[in-house]
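Asks: Here it is, the structure, as structure tokens.
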Amino acid sequence: MSTTANFPTTSQGVFLEKDIDTNDMVVNIGPQHPSTHGVLRLITTLDGELVKEIEPVIGYLHRSKEKMAESRSLFQYQPTIDRVEYLSSFFDHYAFVAALEKIADLHVPKRVQYIRMITMELNRITSHLLWFGTYLLDLGATSPMFYAFREREKILSLFEDLTGARMMYNYYRFGGVVADMPEGWLDKVRAFLDEAPKRFDEYEAIVSKNPIFLDRTMGIGIIQPEVAIQYGVTGPTLRASGVNLDQRKANPYCCYDEVEFDVPLGTKGDCYDRFVVRMQEMRESLKIIRQAVDNMPGGDTADLNKRRESGDETANDVELQTYGKKINLITYKPPKGEAMVTVESPRGFLGCYMITDGTPKAYRIKWRGASFSNLSILPELMRGRLFPDLMSIFGSIDVILPEVDR
Amino acid sequence: MSSENEIDKPQEQQSETVTPEPKAEEQQPIEPKEVKEPVSAEAGEAPEEAVAEKPAKPARKAVTPKASAEEGAAAEPSADGEAKPKAKPAAAAAKAAPAKKEEVPPPPPEPGRYAQLLMANGFKPVPLGNDAGGIEMIELNPSELREACQFLRDSDASRFDLLVSIAGVDWKTSLQAVYHLYSTATYQKLAIKATAVDDKLPSVESVWITADWHERETYDLFGIIFEGHHKLERILMPADWIGHPMRKDYKVEDPRLVWNER
Amino acid sequence: MTDNKVLSGIVEIGRGMATVGKHLFRPPVTLEYPEVMPELSKRFHGRLCLLTKSSGEDLCIGCQACARVCPCGDLIQIEMHRDDKKQPVIDRFTIDIGRCIFCGNCTEVCPVDCIKMLNDFELADYSREALVLDKSGLSLSGEESDKYRKEHGLEPHVE
Ligand code: SF4
Ligand code: SF4
């Protein structure tokens, strides 16, 4: 594209049209770049400010998670899967554990399912909060990140009480969880539930009507629903385009069929809709957690322990244990079989495809990362867009690189 | 720190996999068996099948060293050295298979909903029953894979418009790709398996755009060549990587990883 | 139209600033870390330790269970032999904390509740070798072990 605008001509004629190179320019972004949320390299072909072509180069974070499964027994492998998607590792664990539970037909007590549901939903909030903070940071707003991290910190402390770790939980087990909740943990969760909506209101007060934010997100990066599905996009990114696909509702797993919640949907599928959908999803998660906390079978651990001490037989029911059937983790050999479990992670379908062959190791473990497919739509979205929109669009699809590369 | 382990693990693991190998081989003959069942009668099938199966195995053996030889001389000695010992258990397992079959005749899986749908429309799917999670599995011949996928995506009765993932599986004698499909309209799931012939499968990129990256990943890790893919390149491993790491006979012999030895 | 946009822009930015400004009057949520230590939960995955009997003798029976479930390969190394009375004697027990990912797998499978995790998280050191802890570095004394068992609700050790 040649530009024939009126460039200032001096007496020497320096700024002649032919002196301006109007060829395409290739700009390499990353792999180490703060806005790529990890190590992603984007080879961008620019024509002036317009992006002609963008090619994501991935694999910088490939840690061969699938290969690692071949040399480790299932239990040995389990701690390492926290790193598949480290911002919401409860979901990795759920997919992994549920796949084996299906193959081996292990019973999971109700109480455990509820604990899993609470932790997963809290995890979804932490993940969305981190996205909220970093997304606004990408757009140039600094303080929301501190506020988002404040709430995230509270949830992480809850996780620390429960599992002993803040990010790499390694808490679910085949047919159970490591340990029951500490006494009084549910009250702490309740306290958080009471406080969180006020904080979310605060976030919305800061940004959701801010004109700069609106200008940078509204009508930008529109994804048509059909295109999104063709590209395998799932999760809030797809729901922002108006497709009602939430596996918690569509194919209920865990105990999601026992709680009431809505699936927030967008209408236009632009960056702003994705923002709104995620913000509402956090509130829906709060709703789920509240119901789960209130209906927790057996109630708080302190009550349960009291009942057990006083000789109440019903308190020793199998549904109230931390394990359905305790298996020997060192020598456990799962039966032959295969299962694919997909869960609705904060970014979409997170899948674990497991094939076992009767040895303690899995024959094959395949991870389906939601971000992997979600990222593949980026070239389509960026074609012909302005370069400054790149970070707005890329941030809004909430890609997390460890999950892309696994 | 732990990455050092991760990388040198496969070396140790190589020796370990030798032991479970016969077990895994037992599993192998079962699948082709199911392939035949709907076509031919139960009786007299077993010996015939053992014969029929053998040529299929050397076929891949011949391909594998060639493929890796093309990619780099470093991989060559290992591929040669390995082909021989590996052929033996494979043949042994094939011989053992008929005897085993008499003991436990596997019940032929009923064709599920989507297998019936495909059959009614002129495809020849092989029903494999349900997986542990209740997802229907069918095996398709590579030659009709693309058409069947297109049909499954467009037919009103199935509408599998979302390709969830493509998982490669190395069954030691053959490479397989497992396509997990999902319908955003009916919320149904389906798994399609296709066994690569000479490490080749047709690409389904024209059916689902997302297959682009998934096929590249499977090619990268397993070396399944998806014919018709517009740009089949490595995606996770570096472009100059030698070999396909998720294959069971893969050994880390990359000179660049020597520093990693502990 | 533009007027409205400008006006609403000013209002909205003002609203955002007011929300941010409110935080000036709230107590800080951060900790002055090296001076104020965070309160960690009892389940915290910190440095590994070996509990001992109340008398201070080794509790470990050298069953290798912890080494077998560790995802990081040969990070726990145990050498043991049995004495005349067929009692296990641990000759060497090293853990390379530098490679440990603090997953807690080892603590979960120990049959005698010997290997456990402390709340100690300040593990930085000047060399990698210093992070390979041997038995004397890992073992707690008898009293400390009793205290640990009491705090963490483990069964007191009985001979
Ligand atoms: S905590 Fe995990 S990584 Fe560390 S020694 Fe124990 S099992 Fe190994
Ligand atoms: S599991 Fe416990 S008893 Fe066994 S070797 Fe490890 S520390 Fe010792």
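So you can find residues: chains in the structure tokens are A, B, ... in the order shown, residues in each start at 1, and ligands are numbered from 1 in order.
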Would you list the residues that come within 12 Å of ligand 2? Count only C-alpha atoms and all ligand atoms and give the answer as an MDAnalysis selection string.

Replies: (chainID A and resid 330) or (chainID C and resid 48:52 58:70 75:80 88:95 104:117 135 138:139)

Asks: Those residues you just picked out, can you put them in a file as a PDB file, in the first residue's frame with C-alpha atoms?

Replies:
ATOM      1  CA  ILE A 330       2.356 -47.460  45.814  1.00  0.00           C
TER       2      ILE A 330
ATOM      3  CA  LEU C  48      10.937 -32.246  54.696  1.00  0.00           C
ATOM      4  CA  CYS C  49      12.015 -33.715  57.981  1.00  0.00           C
ATOM      5  CA  LEU C  50      12.264 -37.096  59.595  1.00  0.00           C
ATOM      6  CA  LEU C  51      10.491 -37.629  62.855  1.00  0.00           C
ATOM      7  CA  THR C  52      12.210 -39.776  65.427  1.00  0.00           C
ATOM      8  CA  ASP C  58      15.380 -43.411  64.067  1.00  0.00           C
ATOM      9  CA  LEU C  59      11.745 -44.081  63.366  1.00  0.00           C
ATOM     10  CA  CYS C  60      12.242 -44.841  59.693  1.00  0.00           C
ATOM     11  CA  ILE C  61      12.146 -48.521  58.807  1.00  0.00           C
ATOM     12  CA  GLY C  62      13.779 -48.095  55.428  1.00  0.00           C
ATOM     13  CA  CYS C  63      10.846 -49.402  53.457  1.00  0.00           C
ATOM     14  CA  GLN C  64      11.607 -47.178  50.452  1.00  0.00           C
ATOM     15  CA  ALA C  65       7.937 -46.330  50.008  1.00  0.00           C
ATOM     16  CA  CYS C  66       8.692 -42.618  49.979  1.00  0.00           C
ATOM     17  CA  ALA C  67      11.410 -43.030  47.385  1.00  0.00           C
ATOM     18  CA  ARG C  68       9.114 -45.029  45.151  1.00  0.00           C
ATOM     19  CA  VAL C  69       6.319 -42.475  44.966  1.00  0.00           C
ATOM     20  CA  CYS C  70       8.517 -39.443  44.522  1.00  0.00           C
ATOM     21  CA  LEU C  75      15.817 -37.583  44.931  1.00  0.00           C
ATOM     22  CA  ILE C  76      15.349 -39.616  48.104  1.00  0.00           C
ATOM     23  CA  GLN C  77      18.177 -42.081  48.587  1.00  0.00           C
ATOM     24  CA  ILE C  78      18.081 -44.614  51.366  1.00  0.00           C
ATOM     25  CA  GLU C  79      20.612 -47.244  52.284  1.00  0.00           C
ATOM     26  CA  MET C  80      19.839 -49.599  55.115  1.00  0.00           C
ATOM     27  CA  PRO C  88      16.360 -51.986  60.358  1.00  0.00           C
ATOM     28  CA  VAL C  89      19.307 -49.637  60.598  1.00  0.00           C
ATOM     29  CA  ILE C  90      19.424 -46.663  58.305  1.00  0.00           C
ATOM     30  CA  ASP C  91      22.930 -46.084  57.029  1.00  0.00           C
ATOM     31  CA  ARG C  92      22.199 -43.220  54.762  1.00  0.00           C
ATOM     32  CA  PHE C  93      19.131 -41.118  54.104  1.00  0.00           C
ATOM     33  CA  THR C  94      19.535 -38.130  51.841  1.00  0.00           C
ATOM     34  CA  ILE C  95      16.972 -35.864  50.275  1.00  0.00           C
ATOM     35  CA  GLY C 104       3.803 -34.279  49.687  1.00  0.00           C
ATOM     36  CA  ASN C 105       3.559 -37.684  48.052  1.00  0.00           C
ATOM     37  CA  CYS C 106       6.264 -39.111  50.265  1.00  0.00           C
ATOM     38  CA  THR C 107       4.605 -37.956  53.466  1.00  0.00           C
ATOM     39  CA  GLU C 108       1.406 -39.624  52.471  1.00  0.00           C
ATOM     40  CA  VAL C 109       2.648 -43.147  51.970  1.00  0.00           C
ATOM     41  CA  CYS C 110       5.040 -43.472  54.893  1.00  0.00           C
ATOM     42  CA  PRO C 111       3.719 -46.365  56.976  1.00  0.00           C
ATOM     43  CA  VAL C 112       5.178 -45.120  60.254  1.00  0.00           C
ATOM     44  CA  ASP C 113       4.535 -41.368  59.767  1.00  0.00           C
ATOM     45  CA  CYS C 114       8.224 -40.700  59.758  1.00  0.00           C
ATOM     46  CA  ILE C 115       8.808 -38.360  56.828  1.00  0.00           C
ATOM     47  CA  LYS C 116       6.818 -35.163  57.325  1.00  0.00           C
ATOM     48  CA  MET C 117       6.801 -31.576  56.242  1.00  0.00           C
ATOM     49  CA  LYS C 135      19.918 -37.898  58.004  1.00  0.00           C
ATOM     50  CA  LEU C 138      16.638 -34.033  58.405  1.00  0.00           C
ATOM     51  CA  SER C 139      15.973 -35.690  61.722  1.00  0.00           C
TER      52      SER C 139
END

Asks: If the cut-off is 7 Å, can you tell me the residues of chain C near chain B, counting only C-alpha atoms? I'd like them as JSON, numbers by chain.

Replies: {"C": [72, 73, 99]}

Asks: Would you work out the distance separating CA of Gly134 (chain B) from CA of Lys172 (chain B), expressed in Å to one decimal?

Replies: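 Interatomic distance here is 26.2 Å.
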
Asks: Please, which residues of region 57-129 of chain A, numbered as in this document, come out helix (DSSP H, G or I) from DSSP, as a tab-separated table (two decimals) with N, CA, C and O atoms, in the first residue's frame?

Replies:
chain	number	residue	atom	x	y	z
A	65	LYS	N	4.83	-33.33	29.32
A	65	LYS	CA	4.01	-33.92	30.37
A	65	LYS	C	3.49	-35.30	29.96
A	65	LYS	O	3.34	-36.19	30.79
A	66	GLU	N	3.20	-35.46	28.67
A	66	GLU	CA	2.64	-36.74	28.24
A	66	GLU	C	3.70	-37.82	28.25
A	66	GLU	O	3.43	-38.97	28.59
A	67	LYS	N	4.90	-37.46	27.90
A	67	LYS	CA	5.98	-38.44	27.92
A	67	LYS	C	6.32	-38.82	29.36
A	67	LYS	O	6.66	-39.97	29.65
A	68	MET	N	6.23	-37.85	30.25
A	68	MET	CA	6.57	-38.14	31.65
A	68	MET	C	5.68	-39.22	32.22
A	68	MET	O	6.10	-39.98	33.09
A	69	ALA	N	4.45	-39.29	31.72
A	69	ALA	CA	3.52	-40.28	32.26
A	69	ALA	C	3.99	-41.69	31.96
A	69	ALA	O	3.63	-42.63	32.67
A	70	GLU	N	4.80	-41.86	30.94
A	70	GLU	CA	5.23	-43.20	30.57
A	70	GLU	C	6.25	-43.76	31.53
A	70	GLU	O	6.47	-44.97	31.58
A	71	SER	N	6.94	-42.90	32.25
A	71	SER	CA	7.99	-43.40	33.11
A	71	SER	C	7.62	-43.32	34.58
A	71	SER	O	8.44	-43.57	35.43
A	74	LEU	N	1.03	-44.00	38.21
A	74	LEU	CA	0.00	-42.98	38.19
A	74	LEU	C	0.12	-42.02	39.37
A	74	LEU	O	0.00	-40.81	39.23
A	75	PHE	N	0.37	-42.56	40.53
A	75	PHE	CA	0.46	-41.71	41.72
A	75	PHE	C	1.71	-40.85	41.68
A	75	PHE	O	1.70	-39.70	42.09
A	76	GLN	N	2.78	-41.42	41.12
A	76	GLN	CA	4.01	-40.66	41.00
A	76	GLN	C	3.84	-39.52	40.01
A	76	GLN	O	4.43	-38.46	40.15
A	77	TYR	N	3.03	-39.77	39.02
A	77	TYR	CA	2.83	-38.78	37.96
A	77	TYR	C	1.94	-37.65	38.45
A	77	TYR	O	2.05	-36.53	37.99
A	78	GLN	N	1.07	-37.96	39.40
A	78	GLN	CA	0.03	-37.00	39.74
A	78	GLN	C	0.55	-35.61	40.15
A	78	GLN	O	0.00	-34.62	39.68
A	79	PRO	N	1.57	-35.49	40.99
A	79	PRO	CA	1.98	-34.13	41.37
A	79	PRO	C	2.43	-33.30	40.18
A	79	PRO	O	2.32	-32.08	40.20
A	80	THR	N	2.92	-33.94	39.14
A	80	THR	CA	3.46	-33.16	38.04
A	80	THR	C	2.36	-32.55	37.18
A	80	THR	O	2.63	-31.62	36.43
A	81	ILE	N	1.13	-33.06	37.28
A	81	ILE	CA	0.10	-32.52	36.40
A	81	ILE	C	-0.42	-31.18	36.89
A	81	ILE	O	-1.13	-30.50	36.17
A	82	ASP	N	-0.07	-30.80	38.12
A	82	ASP	CA	-0.40	-29.45	38.55
A	82	ASP	C	0.14	-28.42	37.58
A	82	ASP	O	-0.39	-27.33	37.46
A	83	ARG	N	1.20	-28.78	36.93
A	83	ARG	CA	1.89	-27.81	36.07
A	83	ARG	C	1.31	-27.75	34.67
A	83	ARG	O	1.80	-26.99	33.85
A	86	TYR	N	-1.24	-24.22	35.49
A	86	TYR	CA	-0.94	-24.01	36.90
A	86	TYR	C	-1.83	-22.97	37.56
A	86	TYR	O	-1.83	-22.84	38.76
A	87	LEU	N	-2.60	-22.22	36.80
A	87	LEU	CA	-3.46	-21.25	37.46
A	87	LEU	C	-4.73	-21.88	37.98
A	87	LEU	O	-5.44	-21.29	38.78
A	88	SER	N	-5.06	-23.03	37.47
A	88	SER	CA	-6.26	-23.69	37.97
A	88	SER	C	-6.00	-25.19	38.01
A	88	SER	O	-6.62	-25.95	37.28
A	89	SER	N	-5.08	-25.58	38.84
A	89	SER	CA	-4.64	-26.97	38.77
A	89	SER	C	-5.64	-27.94	39.35
A	89	SER	O	-5.52	-29.14	39.13
A	90	PHE	N	-6.63	-27.46	40.10
A	90	PHE	CA	-7.64	-28.41	40.57
A	90	PHE	C	-8.35	-29.07	39.39
A	90	PHE	O	-8.78	-30.21	39.48
A	91	PHE	N	-8.48	-28.33	38.31
A	91	PHE	CA	-9.18	-28.89	37.16
A	91	PHE	C	-8.36	-29.98	36.50
A	91	PHE	O	-8.89	-31.00	36.09
A	92	ASP	N	-7.05	-29.77	36.41
A	92	ASP	CA	-6.19	-30.83	35.88
A	92	ASP	C	-6.37	-32.08	36.69
A	92	ASP	O	-6.53	-33.18	36.17
A	93	HIS	N	-6.32	-31.88	38.00
A	93	HIS	CA	-6.41	-33.04	38.87
A	93	HIS	C	-7.76	-33.70	38.74
A	93	HIS	O	-7.85	-34.92	38.76
A	94	TYR	N	-8.79	-32.89	38.62
A	94	TYR	CA	-10.10	-33.52	38.52
A	94	TYR	C	-10.18	-34.37	37.27
A	94	TYR	O	-10.63	-35.51	37.31
A	95	ALA	N	-9.72	-33.84	36.14
A	95	ALA	CA	-9.80	-34.60	34.90
A	95	ALA	C	-9.01	-35.89	35.01
A	95	ALA	O	-9.47	-36.96	34.62
A	96	PHE	N	-7.85	-35.79	35.59
A	96	PHE	CA	-6.98	-36.96	35.72
A	96	PHE	C	-7.59	-38.01	36.63
A	96	PHE	O	-7.70	-39.18	36.29
A	97	VAL	N	-8.02	-37.54	37.80
A	97	VAL	CA	-8.55	-38.45	38.79
A	97	VAL	C	-9.86	-39.07	38.30
A	97	VAL	O	-10.09	-40.27	38.44
A	98	ALA	N	-10.70	-38.24	37.69
A	98	ALA	CA	-11.98	-38.76	37.23
A	98	ALA	C	-11.79	-39.78	36.12
A	98	ALA	O	-12.54	-40.75	36.03
A	99	ALA	N	-10.77	-39.58	35.28
A	99	ALA	CA	-10.54	-40.55	34.22
A	99	ALA	C	-10.22	-41.90	34.83
A	99	ALA	O	-10.76	-42.93	34.41
A	100	LEU	N	-9.37	-41.91	35.84
A	100	LEU	CA	-9.05	-43.20	36.44
A	100	LEU	C	-10.23	-43.75	37.21
A	100	LEU	O	-10.47	-44.97	37.21
A	101	GLU	N	-10.97	-42.87	37.88
A	101	GLU	CA	-12.13	-43.36	38.62
A	101	GLU	C	-13.11	-44.04	37.68
A	101	GLU	O	-13.76	-45.02	38.04
A	102	LYS	N	-13.21	-43.53	36.46
A	102	LYS	CA	-14.12	-44.16	35.51
A	102	LYS	C	-13.57	-45.50	35.06
A	102	LYS	O	-14.31	-46.48	34.97
A	103	ILE	N	-12.29	-45.54	34.78
A	103	ILE	CA	-11.71	-46.80	34.31
A	103	ILE	C	-11.81	-47.87	35.39
A	103	ILE	O	-12.21	-49.00	35.13
A	104	ALA	N	-11.46	-47.50	36.60
A	104	ALA	CA	-11.42	-48.49	37.68
A	104	ALA	C	-12.75	-48.58	38.41
A	104	ALA	O	-12.89	-49.39	39.32
A	110	LYS	N	-19.90	-38.60	48.43
A	110	LYS	CA	-20.55	-37.31	48.15
A	110	LYS	C	-19.79	-36.14	48.76
A	110	LYS	O	-19.62	-35.10	48.13
A	111	ARG	N	-19.36	-36.33	49.98
A	111	ARG	CA	-18.65	-35.24	50.66
A	111	ARG	C	-17.42	-34.84	49.86
A	111	ARG	O	-17.11	-33.66	49.71
A	112	VAL	N	-16.74	-35.82	49.33
A	112	VAL	CA	-15.55	-35.53	48.53
A	112	VAL	C	-15.94	-34.76	47.28
A	112	VAL	O	-15.29	-33.78	46.91
A	113	GLN	N	-17.03	-35.18	46.66
A	113	GLN	CA	-17.46	-34.48	45.45
A	113	GLN	C	-17.76	-33.02	45.76
A	113	GLN	O	-17.46	-32.13	44.98
A	114	TYR	N	-18.37	-32.79	46.92
A	114	TYR	CA	-18.68	-31.40	47.28
A	114	TYR	C	-17.41	-30.61	47.56
A	114	TYR	O	-17.30	-29.45	47.17
A	115	ILE	N	-16.46	-31.24	48.23
A	115	ILE	CA	-15.20	-30.54	48.48
A	115	ILE	C	-14.55	-30.20	47.14
A	115	ILE	O	-14.05	-29.10	46.92
A	116	ARG	N	-14.59	-31.17	46.23
A	116	ARG	CA	-13.99	-30.92	44.91
A	116	ARG	C	-14.69	-29.78	44.21
A	116	ARG	O	-14.05	-28.93	43.58
A	117	MET	N	-16.01	-29.76	44.34
A	117	MET	CA	-16.76	-28.72	43.64
A	117	MET	C	-16.39	-27.34	44.21
A	117	MET	O	-16.16	-26.39	43.46
A	118	ILE	N	-16.31	-27.25	45.54
A	118	ILE	CA	-15.97	-25.97	46.15
A	118	ILE	C	-14.57	-25.53	45.70
A	118	ILE	O	-14.35	-24.39	45.29
A	119	THR	N	-13.63	-26.45	45.77
A	119	THR	CA	-12.26	-26.06	45.41
A	119	THR	C	-12.18	-25.68	43.94
A	119	THR	O	-11.49	-24.73	43.59
A	120	MET	N	-12.88	-26.42	43.09
A	120	MET	CA	-12.79	-26.08	41.66
A	120	MET	C	-13.38	-24.70	41.40
A	120	MET	O	-12.82	-23.93	40.63
A	121	GLU	N	-14.50	-24.41	42.05
A	121	GLU	CA	-15.11	-23.11	41.78
A	121	GLU	C	-14.27	-21.98	42.36
A	121	GLU	O	-14.13	-20.93	41.75
A	122	LEU	N	-13.71	-22.20	43.55
A	122	LEU	CA	-12.80	-21.18	44.09
A	122	LEU	C	-11.63	-20.98	43.14
A	122	LEU	O	-11.16	-19.86	42.90
A	123	ASN	N	-11.17	-22.09	42.59
A	123	ASN	CA	-10.06	-22.02	41.67
A	123	ASN	C	-10.43	-21.24	40.41
A	123	ASN	O	-9.62	-20.51	39.86
A	124	ARG	N	-11.68	-21.42	39.99
A	124	ARG	CA	-12.12	-20.67	38.81
A	124	ARG	C	-12.06	-19.17	39.12
A	124	ARG	O	-11.65	-18.37	38.29
A	125	ILE	N	-12.46	-18.81	40.34
A	125	ILE	CA	-12.41	-17.39	40.68
A	125	ILE	C	-10.98	-16.89	40.69
A	125	ILE	O	-10.68	-15.83	40.14
A	126	THR	N	-10.06	-17.67	41.28
A	126	THR	CA	-8.67	-17.18	41.30
A	126	THR	C	-8.16	-17.00	39.88
A	126	THR	O	-7.47	-16.03	39.57
A	127	SER	N	-8.52	-17.94	39.04
A	127	SER	CA	-8.03	-17.86	37.67
A	127	SER	C	-8.59	-16.65	36.96
A	127	SER	O	-7.86	-15.91	36.28
A	128	HIS	N	-9.89	-16.42	37.11
A	128	HIS	CA	-10.49	-15.26	36.46
A	128	HIS	C	-9.96	-13.96	37.06
A	128	HIS	O	-9.79	-12.97	36.35
A	129	LEU	N	-9.70	-13.97	38.37
A	129	LEU	CA	-9.17	-12.76	38.99
A	129	LEU	C	-7.80	-12.44	38.43
A	129	LEU	O	-7.48	-11.29	38.14

Asks: Of the residues C:Gly98, C:Pro27, C:Gly9, C:Gly142, which is the one nearest to ligand 1, using only C-alpha atoms and all ligand atoms?

Replies: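 Checking each of C:Gly98, C:Pro27, C:Gly9, C:Gly142 against ligand 1, counting only C-alpha atoms and all ligand atoms, the winner is C:Gly98.
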
Asks: I need the chain A residues near chain C as an MDAnalysis selection string; criterion: at most 10 Å, counting only C-alpha atoms.

Replies: chainID A and resid 68 71:80 82 143:144 147 150 153 157:166 168:171 178:179 182 202:212 328:331

Asks: Please, which residues of chain A lie no more than 6 Å from chain B when the count uses only C-alpha atoms, and can they be set out as number ranges by chain?

Replies: A: 59, 71, 102-103, 229-232, 338-339

Asks: Neighbours of Lys268 (chain A) within 8 Å (only C-alpha atoms; same-chain residues fewer than 3 positions away dropped), as a compact mmCIF listing (two decimals) with N, CA, C and O atoms, in the first residue's frame?

Replies:
# COMPACT_ATOMS: atom_id res chain seq x y z
N GLY A 219 -16.44 -3.80 20.54
CA GLY A 219 -16.39 -3.96 19.09
C GLY A 219 -15.04 -4.43 18.57
O GLY A 219 -14.80 -4.46 17.38
N ILE A 222 -14.12 -9.33 17.42
CA ILE A 222 -15.40 -10.05 17.43
C ILE A 222 -15.21 -11.46 16.89
O ILE A 222 -14.61 -11.65 15.83
N ILE A 223 -15.69 -12.43 17.63
CA ILE A 223 -15.62 -13.82 17.19
C ILE A 223 -17.03 -14.27 16.86
O ILE A 223 -17.91 -14.23 17.72
N ALA A 240 -19.02 -15.99 25.31
CA ALA A 240 -19.17 -14.57 25.01
C ALA A 240 -19.73 -14.36 23.62
O ALA A 240 -20.31 -13.33 23.33
N SER A 241 -19.55 -15.35 22.74
CA SER A 241 -20.13 -15.24 21.40
C SER A 241 -21.57 -15.73 21.37
O SER A 241 -22.15 -15.86 20.30
N GLY A 242 -22.10 -16.08 22.51
CA GLY A 242 -23.51 -16.43 22.57
C GLY A 242 -23.81 -17.91 22.44
O GLY A 242 -24.97 -18.29 22.33
N ASP A 273 -17.52 -8.28 25.78
CA ASP A 273 -18.40 -9.37 26.19
C ASP A 273 -17.63 -10.43 26.96
O ASP A 273 -18.13 -10.99 27.93

Asks: According to DSSP computed on the backbone, where in region 89-325 of chain A is there strand (DSSP E or B)? Give the residues as a PDB file with N, CA and C atoms, in the first residue's frame.

Replies:
ATOM      1  N   TYR A 172      -6.379 -33.953  45.166  1.00  0.00           N
ATOM      2  CA  TYR A 172      -7.336 -35.017  44.872  1.00  0.00           C
ATOM      3  C   TYR A 172      -6.601 -36.350  44.781  1.00  0.00           C
ATOM      4  N   ARG A 173      -7.302 -37.384  45.162  1.00  0.00           N
ATOM      5  CA  ARG A 173      -6.746 -38.723  45.029  1.00  0.00           C
ATOM      6  C   ARG A 173      -7.756 -39.595  44.307  1.00  0.00           C
ATOM      7  N   GLY A 176     -11.027 -40.076  46.142  1.00  0.00           N
ATOM      8  CA  GLY A 176     -11.109 -39.309  47.379  1.00  0.00           C
ATOM      9  C   GLY A 176     -10.266 -38.058  47.320  1.00  0.00           C
ATOM     10  N   VAL A 177      -9.982 -37.540  48.496  1.00  0.00           N
ATOM     11  CA  VAL A 177      -9.063 -36.416  48.619  1.00  0.00           C
ATOM     12  C   VAL A 177      -8.055 -36.765  49.712  1.00  0.00           C
ATOM     13  N   TYR A 323     -12.337 -41.047  51.539  1.00  0.00           N
ATOM     14  CA  TYR A 323     -12.033 -41.986  50.471  1.00  0.00           C
ATOM     15  C   TYR A 323     -13.210 -42.927  50.302  1.00  0.00           C
TER      16      TYR A 323
END

Asks: List the neighbours of Ser155 (chain B) out to 12 Å using only C-alpha atoms; skip same-chain residues closer than 5 positions along the sequence, and give me the result as a list in words.

Replies: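 Returned residues: Tyr114, Leu117, Leu118, Asn121, Glu147, Ala148, Cys149, Gln150, Phe160, Asp161, Ser183 and Ala185 of chain B.
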
Asks: Would you save the residues of that selection, restricted to C-alpha atoms, as a PDB file, in the first residue's frame?

Replies:
ATOM      1  CA  TYR B 114     -23.584 -43.162  15.704  1.00  0.00           C
ATOM      2  CA  LEU B 117     -26.097 -43.755  11.713  1.00  0.00           C
ATOM      3  CA  LEU B 118     -22.883 -44.122   9.752  1.00  0.00           C
ATOM      4  CA  ASN B 121     -25.342 -43.842   5.242  1.00  0.00           C
ATOM      5  CA  GLU B 147     -15.961 -38.201   4.376  1.00  0.00           C
ATOM      6  CA  ALA B 148     -17.326 -39.777   7.528  1.00  0.00           C
ATOM      7  CA  CYS B 149     -16.133 -36.844   9.614  1.00  0.00           C
ATOM      8  CA  GLN B 150     -17.690 -34.417   7.187  1.00  0.00           C
ATOM      9  CA  PHE B 160     -20.367 -33.020  15.757  1.00  0.00           C
ATOM     10  CA  ASP B 161     -19.159 -29.532  15.111  1.00  0.00           C
ATOM     11  CA  SER B 183     -21.659 -31.608  19.551  1.00  0.00           C
ATOM     12  CA  ALA B 185     -26.081 -28.694  19.706  1.00  0.00           C
TER      13      ALA B 185
END

Asks: Smallest atom-to-atom distance to ligand 1: which of C:Leu24, C:Leu31, C:Met37, C:Ile97, using only C-alpha atoms and all ligand atoms?

Replies: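 The closest residue to ligand 1 is C:Ile97.
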
Asks: Work out how far apart CA of Leu401 (chain A) and CA of Arg278 (chain A) are and give it in Å to one decimal.

Replies: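 Result for CA of Leu401 (chain A) versus CA of Arg278 (chain A): 19.1 Å, one decimal.
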
Asks: Neighbouring residues of region 224-228 of chain A were defined as those with any atom within 8 Å, considering only C-alpha atoms; residues of the same chain fewer than 5 positions away were excluded. Please report them as a PyMOL selection string.

Replies: chain A and resi 233-234+238+241-243+269+377

Asks: Output N, CA and C atoms of each residue in that selection to a file, as a compact mmCIF listing (two decimals), in the first residue's frame.

Replies:
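Final output, part_36.txt:
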# COMPACT_ATOMS: atom_id res chain seq x y z
N VAL A 233 -12.73 -23.31 19.83
CA VAL A 233 -12.70 -22.41 20.98
C VAL A 233 -13.79 -22.83 21.96
N THR A 234 -13.46 -22.86 23.23
CA THR A 234 -14.44 -23.25 24.25
C THR A 234 -14.34 -22.29 25.43
N LEU A 238 -15.99 -18.75 24.16
CA LEU A 238 -17.07 -19.18 23.27
C LEU A 238 -18.41 -18.66 23.77
N SER A 241 -19.55 -15.35 22.74
CA SER A 241 -20.13 -15.24 21.40
C SER A 241 -21.57 -15.73 21.37
N GLY A 242 -22.10 -16.08 22.51
CA GLY A 242 -23.51 -16.43 22.57
C GLY A 242 -23.81 -17.91 22.44
N VAL A 243 -22.80 -18.75 22.44
CA VAL A 243 -23.04 -20.19 22.37
C VAL A 243 -23.21 -20.72 23.79
N GLY A 269 -19.76 -11.06 21.19
CA GLY A 269 -18.52 -11.82 21.05
C GLY A 269 -17.29 -10.95 20.93
N ILE A 377 -7.10 -19.40 17.26
CA ILE A 377 -7.98 -18.46 16.58
C ILE A 377 -7.35 -17.08 16.46
